[in-house]
Structure formats: C-alpha cells, structure tokens
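J.: Coordinates in run-v5.txt, compact mmCIF, C-alpha atoms and all ligand atoms, are listed below.
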```
# COMPACT_ATOMS: atom_id res chain seq x y z
CA MET A 1 0.00 0.00 0.00
CA LEU A 2 1.22 3.46 -0.82
CA TYR A 3 0.59 5.75 2.11
CA SER A 4 1.03 9.35 1.06
CA PRO A 5 0.44 11.92 3.78
CA THR A 6 1.55 15.55 3.51
CA ASP A 7 4.37 17.28 5.34
CA LEU A 8 4.06 20.70 7.01
CA ARG A 9 4.62 22.56 3.75
CA GLY A 10 1.86 20.57 2.10
CA ASN A 11 4.17 18.41 -0.04
CA ARG A 12 3.12 14.82 -0.34
CA PHE A 13 5.56 12.12 0.68
CA SER A 14 5.10 8.40 0.33
CA VAL A 15 5.70 5.46 2.63
CA VAL A 16 5.40 1.98 1.19
CA LEU A 17 3.93 -0.52 3.64
CA SER A 18 4.13 -4.29 3.26
CA PRO A 19 0.76 -6.09 2.76
CA GLY A 20 0.97 -7.64 6.26
CA TRP A 21 1.61 -4.30 7.92
CA THR A 22 -1.09 -2.65 5.78
CA ARG A 23 -3.66 -5.19 7.02
CA HIS A 24 -2.53 -4.66 10.60
CA TYR A 25 -2.55 -0.87 10.17
CA ILE A 26 -6.02 -0.75 8.57
CA THR A 27 -7.61 -3.20 11.03
CA GLY A 28 -6.11 -1.27 13.97
CA LEU A 29 -7.36 2.02 12.59
CA LEU A 30 -10.84 0.63 12.01
CA ASP A 31 -11.02 -0.78 15.55
CA GLN A 32 -10.02 2.60 16.90
CA MET A 33 -12.61 4.39 14.76
CA LYS A 34 -15.29 1.94 15.83
CA VAL A 35 -14.73 3.02 19.44
CA LEU A 36 -14.65 6.74 18.54
CA HIS A 37 -17.75 6.54 16.33
CA ARG A 38 -19.96 4.36 18.56
CA PRO A 39 -23.48 5.83 18.92
CA PRO A 40 -23.50 7.10 22.53
CA GLU A 41 -25.92 5.66 25.08
CA GLY A 42 -27.91 7.60 27.65
CA PHE A 43 -29.21 10.23 25.21
CA ALA A 44 -32.71 10.39 23.73
CA TYR A 45 -32.91 9.80 19.96
CA ARG A 46 -35.75 11.68 18.26
CA SER A 47 -36.77 12.48 14.71
CA TYR A 48 -35.89 16.02 13.51
CA PRO A 49 -36.69 17.70 10.18
CA CYS A 50 -34.07 18.33 7.50
CA TRP A 51 -32.28 21.73 7.33
CA CYS A 52 -34.83 22.68 4.62
CA ASN A 53 -37.60 22.03 7.21
CA ALA A 54 -39.16 19.25 5.13
CA ARG A 55 -40.14 16.01 6.78
CA ASP A 56 -40.39 14.02 3.59
CA ASP A 57 -37.65 11.42 3.72
CA GLN A 58 -36.78 8.27 1.85
CA PRO A 59 -35.04 5.66 4.05
CA LEU A 60 -31.62 4.57 2.73
CA LEU A 61 -29.89 2.49 5.42
CA GLN A 62 -30.58 1.04 8.84
CA LYS A 63 -27.01 0.25 9.88
CA ASP A 64 -23.79 2.28 9.88
CA ARG A 65 -20.36 1.24 8.59
CA PHE A 66 -19.56 -0.57 11.86
CA ASP A 67 -22.92 -2.43 11.93
CA PHE A 68 -24.37 -0.24 14.67
CA TRP A 69 -28.11 0.42 14.22
CA LEU A 70 -28.56 3.93 12.81
CA ASP A 71 -31.14 5.16 10.29
CA THR A 72 -29.92 7.11 7.27
CA VAL A 73 -32.46 8.98 5.13
CA ILE A 74 -32.41 11.25 2.09
CA CYS A 75 -34.65 14.34 2.07
CA ARG A 76 -36.99 14.25 -0.91
CA SER A 77 -37.20 18.01 -0.92
CA CYS A 78 -33.49 19.02 -1.04
CA GLY A 79 -31.54 15.78 -1.62
CA THR A 80 -29.49 16.08 1.58
CA ILE A 81 -28.69 12.87 3.44
CA ARG A 82 -28.81 12.75 7.23
CA LEU A 83 -29.06 10.46 10.24
CA ASP A 84 -32.58 10.50 11.68
CA PRO A 85 -33.55 9.94 14.48
CA TYR A 86 -30.67 11.68 16.24
CA ILE A 87 -29.73 13.25 19.58
CA SER A 88 -30.69 16.87 20.34
CA ALA A 89 -28.30 19.79 19.79
CA GLU A 90 -28.18 20.32 23.60
CA ASP A 91 -27.11 16.70 24.15
CA GLY A 92 -24.64 17.24 21.33
CA VAL A 93 -22.79 19.81 23.46
CA THR A 94 -22.33 17.18 26.18
CA TYR A 95 -21.30 14.63 23.57
CA TYR A 96 -18.68 16.91 21.97
CA THR A 97 -17.26 18.41 25.18
CA ASP A 98 -17.20 15.18 27.15
CA VAL A 99 -17.87 11.86 25.37
CA TYR A 100 -16.10 12.37 22.02
CA PRO A 101 -12.83 13.98 23.27
CA ARG A 102 -12.63 11.39 26.08
CA ALA A 103 -12.87 8.60 23.51
CA TYR A 104 -9.81 10.07 21.75
CA PHE A 105 -8.03 10.43 25.09
CA ASP A 106 -8.93 6.85 26.11
CA GLN A 107 -7.47 5.69 22.79
CA GLY A 108 -4.16 7.10 24.00
CA GLN A 109 -4.19 10.30 21.92
CA SER A 110 -2.90 13.32 23.87
CA LEU A 111 -3.55 16.92 22.79
CA GLU A 112 0.06 17.08 21.56
CA ASP A 113 -0.51 13.89 19.45
CA ARG A 114 -3.69 15.40 18.08
CA TYR A 115 -1.89 18.64 17.15
CA VAL A 116 0.82 16.71 15.28
CA ALA A 117 -1.71 14.37 13.59
CA VAL A 118 -3.82 17.31 12.40
CA GLN A 119 -0.76 19.00 10.90
CA SER A 120 0.24 15.96 8.89
CA ALA A 121 -3.32 15.25 7.73
CA THR A 122 -4.18 18.81 6.69
CA ARG A 123 -5.30 19.40 3.12
CA ALA A 124 -4.91 23.17 3.40
CA HIS A 125 -2.36 23.07 0.55
CA LEU A 126 -5.36 22.48 -1.75
CA PHE A 127 -6.40 26.12 -1.39
CA ALA A 128 -3.05 27.64 -0.33
CA GLU A 129 -2.71 29.51 -3.62
CA PHE A 130 -6.21 30.90 -3.27
CA LEU A 131 -5.38 32.24 0.22
CA ALA A 132 -2.03 33.64 -0.91
CA GLU A 133 -3.85 35.63 -3.60
CA ALA A 134 -6.42 36.91 -1.09
CA ARG A 135 -3.55 37.89 1.25
CA GLU A 136 -1.84 39.81 -1.54
CA LYS A 137 -5.05 41.56 -2.56
CA ALA A 138 -5.75 42.59 1.05
CA GLY A 139 -2.17 43.85 1.48
CA ARG A 140 -2.22 42.84 5.15
CA PRO A 141 -2.39 39.67 7.25
CA LEU A 142 -5.75 37.92 6.78
CA ARG A 143 -7.92 37.25 9.79
CA ILE A 144 -8.92 33.60 9.56
CA VAL A 145 -11.10 31.61 11.95
CA ASP A 146 -10.72 27.83 12.13
CA TYR A 147 -14.26 27.01 13.26
CA GLY A 148 -14.25 23.84 15.36
CA GLY A 149 -10.47 23.93 15.02
CA GLY A 150 -9.68 21.94 18.20
CA THR A 151 -6.01 22.11 19.13
CA GLY A 152 -5.20 24.16 16.00
CA GLY A 153 -2.64 22.90 13.50
CA ARG A 154 -4.64 22.61 10.28
CA LEU A 155 -3.67 26.12 9.17
CA GLU A 156 -0.12 25.89 10.53
CA MET A 157 1.37 26.80 7.13
CA PHE A 158 -0.49 30.15 7.11
CA LYS A 159 0.26 31.05 10.74
CA GLU A 160 3.32 33.15 10.06
CA ASP A 161 1.70 35.55 7.58
CA ASN A 162 -1.85 35.72 8.97
CA GLU A 163 -3.84 36.01 12.19
CA ILE A 164 -5.48 32.68 12.96
CA PHE A 165 -8.27 32.31 15.49
CA VAL A 166 -9.51 28.98 16.77
CA TYR A 167 -13.05 28.32 17.91
CA ASP A 168 -13.82 25.04 19.66
CA LEU A 169 -16.44 23.76 22.10
CA ASN A 170 -13.74 22.03 24.13
CA PRO A 171 -11.94 24.59 26.37
CA GLU A 172 -8.89 22.36 26.92
CA ARG A 173 -8.25 22.15 23.19
CA THR A 174 -8.71 25.92 22.80
CA ARG A 175 -6.21 26.55 25.62
CA PHE A 176 -3.73 24.26 23.90
CA ALA A 177 -4.18 26.13 20.59
CA VAL A 178 -3.53 29.49 22.28
CA GLU A 179 -0.34 28.12 23.86
CA HIS A 180 0.76 27.15 20.35
CA GLY A 181 0.47 30.52 18.63
CA TYR A 182 -3.23 30.64 17.74
CA ARG A 183 -5.67 33.23 19.04
CA ALA A 184 -8.84 32.38 20.91
CA PHE A 185 -12.09 33.20 19.14
CA GLU A 186 -13.77 36.38 20.40
CA ALA A 187 -17.46 37.23 20.17
CA ASP A 188 -18.17 39.86 17.46
CA LEU A 189 -14.99 38.91 15.64
CA VAL A 190 -15.06 39.84 11.91
CA VAL A 191 -12.77 37.77 9.71
CA ASP A 192 -11.69 37.62 6.07
CA VAL A 193 -11.84 33.84 5.96
CA ALA A 194 -14.19 31.53 7.85
CA TYR A 195 -12.82 28.00 7.64
CA SER A 196 -14.59 24.78 8.56
CA CYS A 197 -12.59 21.59 8.14
CA HIS A 198 -14.55 18.36 8.50
CA THR A 199 -16.77 19.89 11.17
CA MET A 200 -19.98 20.84 9.33
CA GLU A 201 -21.02 17.19 8.98
CA HIS A 202 -21.04 17.11 12.83
CA TRP A 203 -23.20 20.22 13.37
CA ILE A 204 -26.41 18.85 14.86
CA ASP A 205 -28.39 22.08 14.52
CA LEU A 206 -26.90 22.68 11.08
CA THR A 207 -28.73 25.92 10.28
CA ALA A 208 -28.03 27.68 13.58
CA THR A 209 -24.35 26.66 13.62
CA THR A 210 -23.81 27.62 9.98
CA ARG A 211 -25.45 30.98 10.65
CA ALA A 212 -23.03 31.57 13.56
CA PHE A 213 -20.09 30.41 11.40
CA LEU A 214 -21.02 32.79 8.55
CA ALA A 215 -21.75 35.64 10.98
CA THR A 216 -17.99 35.87 11.67
CA LEU A 217 -17.41 36.84 8.03
CA ASP A 218 -16.86 40.28 6.49
CA ARG A 219 -19.89 40.10 4.16
CA LYS A 220 -18.39 42.25 1.42
CA ASN A 221 -15.04 40.59 0.74
CA GLY A 222 -14.98 37.57 3.05
CA ILE A 223 -14.88 33.97 1.90
CA ALA A 224 -16.00 30.74 3.57
CA ILE A 225 -13.88 27.65 2.96
CA ILE A 226 -15.62 24.38 3.70
CA GLU A 227 -13.85 21.01 3.71
CA LEU A 228 -16.13 17.99 3.89
CA PRO A 229 -15.95 14.29 3.06
CA PHE A 230 -18.15 14.98 0.00
CA LEU A 231 -19.98 11.89 -1.24
CA ASP A 232 -18.90 12.74 -4.80
CA ARG A 233 -15.55 11.10 -4.06
CA ILE A 234 -17.15 7.65 -3.57
CA VAL A 235 -18.82 7.70 -7.00
CA SER A 236 -15.61 6.38 -8.60
CA GLY A 237 -15.92 3.27 -6.41
CA ALA A 238 -13.57 4.15 -3.54
CA ARG A 239 -15.92 2.46 -1.05
CA ALA A 240 -16.97 -1.15 -1.64
CA ARG A 241 -20.43 -0.68 -0.13
CA GLY A 242 -20.87 2.95 -1.23
CA LEU A 243 -22.72 5.11 1.31
CA ARG A 244 -22.85 2.22 3.82
CA ASP A 245 -19.06 2.54 4.25
CA GLU A 246 -19.37 6.28 4.97
CA VAL A 247 -22.06 6.42 7.63
CA SER A 248 -21.18 6.65 11.33
CA PHE A 249 -22.67 8.40 14.35
CA PRO A 250 -20.62 11.65 14.66
CA HIS A 251 -21.48 12.61 11.07
CA LYS A 252 -25.11 13.62 11.08
CA TRP A 253 -25.04 15.20 7.56
CA TYR A 254 -23.77 13.82 4.22
CA PHE A 255 -23.35 16.18 1.27
CA PHE A 256 -22.60 16.02 -2.41
CA VAL A 257 -20.99 19.28 -3.58
CA ASP A 258 -24.32 20.14 -5.24
CA SER A 259 -26.38 19.65 -2.10
CA LEU A 260 -23.95 21.81 -0.10
CA ARG A 261 -24.27 24.51 -2.78
CA LEU A 262 -28.04 24.36 -2.39
CA PHE A 263 -27.70 24.61 1.40
CA MET A 264 -25.29 27.56 1.21
CA ALA A 265 -27.56 29.31 -1.31
CA SER A 266 -30.20 29.40 1.44
CA PHE A 267 -27.85 31.87 3.25
CA GLY A 268 -27.23 33.87 0.06
CA PHE A 269 -23.77 32.35 -0.52
CA SER A 270 -22.63 31.13 -3.92
CA CYS A 271 -19.81 28.75 -4.77
CA ILE A 272 -16.72 30.36 -6.35
CA ALA A 273 -14.34 27.37 -6.32
CA SER A 274 -14.26 23.66 -5.52
CA ASN A 275 -12.18 20.65 -6.48
CA GLY A 276 -15.42 18.68 -6.67
CA SER A 277 -14.64 16.23 -3.87
CA GLU A 278 -12.81 17.74 -0.88
CA PHE A 279 -13.49 21.45 -0.49
CA ALA A 280 -15.71 24.26 -1.71
CA ILE A 281 -15.28 28.04 -1.34
CA PHE A 282 -18.22 30.44 -1.02
CA ARG A 283 -18.83 34.16 -0.96
CA HIS A 284 -21.87 36.26 -0.16
CA ASP A 285 -23.72 36.97 -3.40
CA GLU A 286 -27.50 36.80 -3.04
CA ARG A 287 -28.30 37.12 -6.75
CA THR A 288 -26.02 34.34 -7.99
CA ALA A 289 -27.02 32.17 -5.02
CA ALA A 290 -30.71 32.51 -5.92
CA LEU A 291 -29.99 31.50 -9.54
CA GLU A 292 -27.89 28.56 -8.34
CA ALA A 293 -30.62 27.42 -5.95
CA ARG A 294 -33.19 27.47 -8.73
CA SER A 295 -31.07 25.45 -11.13
CA LEU A 296 -30.00 22.96 -8.45
CA SER A 297 -33.29 22.24 -6.68
CA GLU A 298 -35.05 20.97 -9.82
CA GLU A 299 -33.42 17.58 -10.12
CA ILE A 300 -31.14 17.31 -7.14
CA LEU A 301 -32.86 14.37 -5.45
CA SER A 302 -32.87 12.06 -8.48
CA ARG A 303 -29.30 13.12 -9.34
CA ASN A 304 -28.06 12.31 -5.82
CA ILE A 305 -29.80 8.94 -5.82
CA ARG A 306 -28.23 8.12 -9.21
CA LYS A 307 -24.79 9.04 -7.79
CA LEU A 308 -25.35 6.77 -4.77
CA ARG A 309 -26.27 3.86 -7.05
CA ARG A 310 -23.17 4.47 -9.16
CA ALA A 311 -20.97 4.66 -6.03
CA ARG A 312 -22.27 1.28 -4.88
CA ARG A 313 -22.05 -0.40 -8.29
CA ASN A 314 -18.53 0.92 -8.94
CA GLY A 315 -17.46 -0.01 -5.40
CA ILE A 316 -18.66 -3.60 -5.86
CA LEU A 317 -16.96 -3.82 -9.29
CA LYS A 318 -13.69 -2.39 -8.00
CA SER A 319 -13.57 -4.72 -5.01
CA LEU A 320 -14.36 -7.71 -7.28
CA VAL A 321 -11.47 -6.73 -9.58
CA ARG A 322 -9.17 -6.33 -6.57
CA GLN A 323 -10.18 -9.72 -5.13
CA THR A 324 -9.76 -11.47 -8.49
CA ALA A 325 -6.32 -9.90 -9.00
CA SER A 326 -5.13 -10.97 -5.55
CA LEU A 327 -6.53 -14.50 -6.04
CA LEU A 328 -4.73 -14.78 -9.41
CA SER A 329 -1.44 -13.54 -8.02
CA ARG A 330 -1.70 -16.02 -5.11
CA LEU A 331 -2.46 -18.90 -7.52
CA MET A 332 0.43 -17.89 -9.78
CA SER A 333 2.92 -17.65 -6.93
CA ARG A 334 1.77 -21.08 -5.70
CA ALA A 335 2.16 -22.52 -9.24
CA ARG A 336 5.70 -21.12 -9.46
CA GLY A 337 6.56 -22.70 -6.12
CA PRO A 338 8.85 -21.22 -3.48
CA ALA A 339 11.60 -18.96 -4.81
CA SER A 340 15.00 -20.62 -4.71
ZN ZN A 401 -34.15 18.76 2.97
```
Please go through the file and, once you have read it, give me the structure as structure tokens.
Ligand SMILES: [Zn+2]

T.:
Amino acid sequence: MLYSPTDLRGNRFSVVLSPGWTRHYITGLLDQMKVLHRPPEGFAYRSYPCWCNARDDQPLLQKDRFDFWLDTVICRSCGTIRLDPYISAEDGVTYYTDVYPRAYFDQGQSLEDRYVAVQSATRAHLFAEFLAEAREKAGRPLRIVDYGGGTGGRLEMFKEDNEIFVYDLNPERTRFAVEHGYRAFEADLVVDVAYSCHTMEHWIDLTATTRAFLATLDRKNGIAIIELPFLDRIVSGARARGLRDEVSFPHKWYFFVDSLRLFMASFGFSCIASNGSEFAIFRHDERTAALEARSLSEEILSRNIRKLRRARRNGILKSLVRQTASLLSRLMSRARGPAS
C-alpha cells in the first residue's frame, strides 16, 4: 500500500507498507474508529426535520459502517442525506465536550498527538494559492477563523503571515491552541476567511451553527472555505459498499458538492471554487445564489440517488477486480513454487 500523507509545507511524501503491515494498520485504525464513532448511550434519539424544514424522507440504510443500528435517510425536498432519528443539539454539546474527546483520550491520543496528527493530515495546501492571492489583494495579514479547530494545527502553514483564530467547544483544546500561537475566538470577531474543516457534517443544529459560522465573516469581501468528506468522491468506487461505508454516528449530515451549494444558497452564498470532492469556497452573493438554488433544486434528489447507485455499483466492481487480482497472483505464486 502506498501511504502518502503531507508534510508541514503541504508536499506529499510516500511510505510503502508491506501487505501484512497494511492489514494490521487498517484493522487497527478501524477498531479505533469503531470506538470513537460508537453511537452514545444515555441520550434520547428523536426524529428532527431536514435543514430545509421538510419532513419528507426516503429511508436509505438502517445500519452504519460498523454495523451499529442507525437510520440514514435522504430528504426528498433538497436531496441532503442525514441520520434521523438523532440526539438533540443540547445533548450534542455534552457529547462533543465530554464523550467524544474522552474517547480520543482513552485511545491514548494526547492533545500534543492530536496537534501533530492534524498538521500531517491537513489538506490546506489544496487552497493555499487561493489564500495567498487573497492575502496579496488585502495587502495585510488575513484574519482567519478555524471554526471547530480543536487544538489548532490545520492552518499551521499560514500562521506566520496571517492572524489565525480557533473556535472550539472544548476549552482544553482551545487553551492548547492558544499556547501554540493561535488566538482564541472572540465574540463579534469579523474575519476575512471563515474555515470549517470536517466539522460541518457534525453540526447537529446545522442551520443555527452555519449561521453563527457565517456571521464571523466580512460580508463584502470575506470567503467561507468548507472542507467535507463529499460523497462525490465515492462515485468512482472508492468504497466497496458505497454510502454504507461512509455512515457513522458523529457525522449527522452527508453532502454532495451540489447539495452543499443548495444549502449555502439558502444563506445567500454562492460557490466560487471547488475541487469537486474535498473542499468548496463560497462568498456572499444573493443574486447568484438565488440563480444557483433554482437550477439545483429541480433535479437534485434524483441526481443524488443516481450518484449513490453508481458509487455502490462501482465499489462492488472495484472490489471484485481487486479480489480477483489478488486471487490470481496467489495462484500464480503457488504454481511457481517457493523462490530458490
Ligand atoms: Zn431537505
């Protein structure tokens, strides 16, 4: 297996792992994730409407990727996929300040480990050029908020030339970020860039949290950068069981780039850039957003369902090809006999 993480400057480097170690590494990682992503007990699960307020859902799945019982539905009105029933936003605060961080800690991950892990996993290099341009245009350090930024670290490569604020529900993580050169989020802060990296899918009250996230932004020139595990990336067959291999408790919401664009249009934000699978950048532009919303809402549900079917079909095909190839290579090495 070719493991290619990124270094602090955003350059990719590769580590080749032997098949045995790869199996060990992946199984270990999955076990760890299973603990982190277990649906918590002791909270009430109730049905809530979609962000678009509709209660017209088509059931998709009854179990998550780890075989825990969780219902996944797609909203017939806007095409967004979500877990429903779910815990309340109030219980979510307890979950994210207490249960979820403790699960990381119990897995042996310290704040320092987390900080280092976040730095090596960051994909901020994807839009580094975009930010450099914005920095040049502004002619001064940009004010950037990493919303739900935990210990900090994701925007490490921009820290020297810009002012980076971290907002997180967990006070310990925020304290750690401040000790490492980030600034704590302040109420009424106005920023040039509002950044959300793999946090929006966790926002239980999606509309209220997104409104607070966008409220930090300078409406005239500000941009919102959103990184998500967009479902578009599984259409090529990256997941053997398609959506089933994506779903787990902490992620309440599942977006295709199109369904996120429709959601953001409801706040008057239109998409100005995206790589179509990992991030999308938005700015406030009511007119364009309204046009986008109109063109997207027409067919979005059937388009998203078609993409899900393709993801599953391609995933099955790809895993069949992989299994056949490994069976053939095993048979051939057996036929050749042990190497002398
Ligand atoms: Zn909806």

J.: Return as CSV the residues of chain A lying at most 9 Å from ligand ZN 401 (chain A), together with the closest atom-to-atom pair for each and the distance in Å to one decimal, counting all atoms listed in the file, with rows in chain order and ascending residue number.

T.:
```
residue,atom,partner,partner_atom,distance
A:Pro49,CA,A:ZN401,ZN,7.7
A:Cys50,CA,A:ZN401,ZN,4.6
A:Trp51,CA,A:ZN401,ZN,5.6
A:Cys52,CA,A:ZN401,ZN,4.3
A:Asn53,CA,A:ZN401,ZN,6.4
A:Ala54,CA,A:ZN401,ZN,5.5
A:Arg55,CA,A:ZN401,ZN,7.6
A:Asp56,CA,A:ZN401,ZN,7.9
A:Asp57,CA,A:ZN401,ZN,8.2
A:Ile74,CA,A:ZN401,ZN,7.8
A:Cys75,CA,A:ZN401,ZN,4.5
A:Arg76,CA,A:ZN401,ZN,6.6
A:Ser77,CA,A:ZN401,ZN,5.0
A:Cys78,CA,A:ZN401,ZN,4.1
A:Gly79,CA,A:ZN401,ZN,6.1
A:Thr80,CA,A:ZN401,ZN,5.6
A:Ile81,CA,A:ZN401,ZN,8.0
A:Phe263,CA,A:ZN401,ZN,8.8
```

J.: Give the padded box for stretch 153-164 of chain A as lines of an AutoDock Vina configuration file: axis-aligned, covering all atoms listed in the file, 4 Å on each side, centre and edge lengths in Å to one decimal.

T.:
```
center_x = -1.1
center_y = 29.3
center_z = 10.3
size_x = 16.8
size_y = 21.4
size_z = 14.4
```

J.: How many Å lie between atom CA of A:Glu286 and atom CA of A:Ser266, rounded to one decimal?

T.: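 Taking atom CA of A:Glu286 as the start and atom CA of A:Ser266 as the end point, the length is 9.1 Å.
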
J.: In Å to one decimal, how far is atom CA of A:Phe282 from atom CA of A:Ala224?

T.: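 Computing the Euclidean distance for atom CA of A:Ala224 and atom CA of A:Phe282 yields 5.1 Å.
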
J.: Out of A:Gly148, A:Gly139, A:Gly153, A:Gly42, which residue has the shortest atom-to-atom distance to A:Phe185 when counting all atoms listed in the file?

T.: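 Going through A:Gly148, A:Gly139, A:Gly153, A:Gly42 one by one, the smallest distance to A:Phe185 is for A:Gly148.
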
J.: Residues near A:Pro101, anyone? I mean within 12 Å using all atoms listed in the file, not counting same-chain ones fewer than 4 positions away, as a ChimeraX atom specification.

T.: /A:35-37,93-97,105-111,114,150-151,168-173,250

J.: Quick one: pull the distance between atom CA of A:Ile223 and atom CA of A:Ser120, Å, one decimal.

T.: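 It comes out at 24.5 Å.
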
J.: Which residue out of A:Phe165, A:Asp258, A:Thr199, A:Tyr147 has the minimum interatomic distance to A:Leu296 when only C-alpha atoms are used?

T.: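 Of all the options, A:Asp258 lies closest to A:Leu296.
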
J.: Give me the residues within 8 Å of A:Val118 as a VMD selection string, counting all atoms listed in the file and dropping any in the same chain fewer than 3 places off.

T.: chain A and resid 114 to 115 121 to 122 152 to 154

J.: For the selection just defined, write its residues with C-alpha atoms to a file, as a short mmCIF file (atom, residue, chain, number, x, y, z; two decimals), in the coordinates of the input.

T.:
```cif
data_model
loop_
_atom_site.label_atom_id
_atom_site.label_comp_id
_atom_site.auth_asym_id
_atom_site.auth_seq_id
_atom_site.Cartn_x
_atom_site.Cartn_y
_atom_site.Cartn_z
CA ARG A 114 -3.69 15.40 18.08
CA TYR A 115 -1.89 18.64 17.15
CA ALA A 121 -3.32 15.25 7.73
CA THR A 122 -4.18 18.81 6.69
CA GLY A 152 -5.20 24.16 16.00
CA GLY A 153 -2.64 22.90 13.50
CA ARG A 154 -4.64 22.61 10.28
#
```

J.: Show which residues sit within 10 Å of A:Val257, as a count of residues only. Count all atoms listed in the file, and ignore same-chain residues fewer than 3 positions away.

T.: 19

J.: Using all atoms listed in the file, collect all residues at a distance of at most 12 Å from (-19.2, 7.5, 18.1) as written in the file, then present them as JSON, numbers by chain.

T.: {"A": [31, 32, 33, 34, 35, 36, 37, 38, 39, 40, 41, 64, 65, 66, 68, 70, 92, 95, 96, 99, 100, 101, 102, 103, 104, 202, 247, 248, 249, 250, 251, 252]}

J.: Select, from A:Ser319, A:Ser259, A:Leu214, A:Leu327, the residue with the minimum atom-to-atom distance to A:Ser297, counting only C-alpha atoms.

T.: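 That would be A:Ser259, the residue with the smallest distance to A:Ser297.
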
J.: Check the smallest atom-to-atom distance from each of A:Ala132, A:Leu30, A:Ala273, A:Val166 to A:Asp245 using all atoms listed in the file, then report the winner.

T.: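 Smallest distance to A:Asp245 is found for A:Leu30.
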
J.: Could you pull the residues within 7 Å of A:Gly242, counting all atoms listed in the file, minus those fewer than 6 positions along the same chain, as JSON, numbers by chain?

T.: {"A": [234, 308, 311, 312, 315]}

J.: Filtering to C-alpha atoms, could you give me those residues as a PDB file, in the coordinates of the input?

T.:
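And here's result_9.pdb as it stands now:
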```
ATOM      1  CA  ILE A 234     -17.150   7.650  -3.570  1.00  0.00           C
ATOM      2  CA  LEU A 308     -25.350   6.770  -4.770  1.00  0.00           C
ATOM      3  CA  ALA A 311     -20.970   4.660  -6.030  1.00  0.00           C
ATOM      4  CA  ARG A 312     -22.270   1.280  -4.880  1.00  0.00           C
ATOM      5  CA  GLY A 315     -17.460  -0.010  -5.400  1.00  0.00           C
TER       6      GLY A 315
END
```

J.: Near A:Ala265, within 7 Å and counting only C-alpha atoms, which residues show up once chain neighbours fewer than 4 positions away are dropped, as a ChimeraX atom specification?

T.: /A:261,269-270,289-290,293

J.: Now that the selection is made, can you save its residues with C-alpha atoms as a PDB file, in the coordinates of the input?

T.:
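Okay, this is what ended up in part_29.pdb:
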```
ATOM      1  CA  ARG A 261     -24.270  24.510  -2.780  1.00  0.00           C
ATOM      2  CA  PHE A 269     -23.770  32.350  -0.520  1.00  0.00           C
ATOM      3  CA  SER A 270     -22.630  31.130  -3.920  1.00  0.00           C
ATOM      4  CA  ALA A 289     -27.020  32.170  -5.020  1.00  0.00           C
ATOM      5  CA  ALA A 290     -30.710  32.510  -5.920  1.00  0.00           C
ATOM      6  CA  ALA A 293     -30.620  27.420  -5.950  1.00  0.00           C
TER       7      ALA A 293
END
```

J.: Here is a test: counting all atoms listed in the file, which residue of A:Ala89, A:Met200, A:Leu243, A:Ala44 is nearest to A:Glu227?

T.: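 Checking each of A:Ala89, A:Met200, A:Leu243, A:Ala44 against A:Glu227, counting all atoms listed in the file, the winner is A:Met200.
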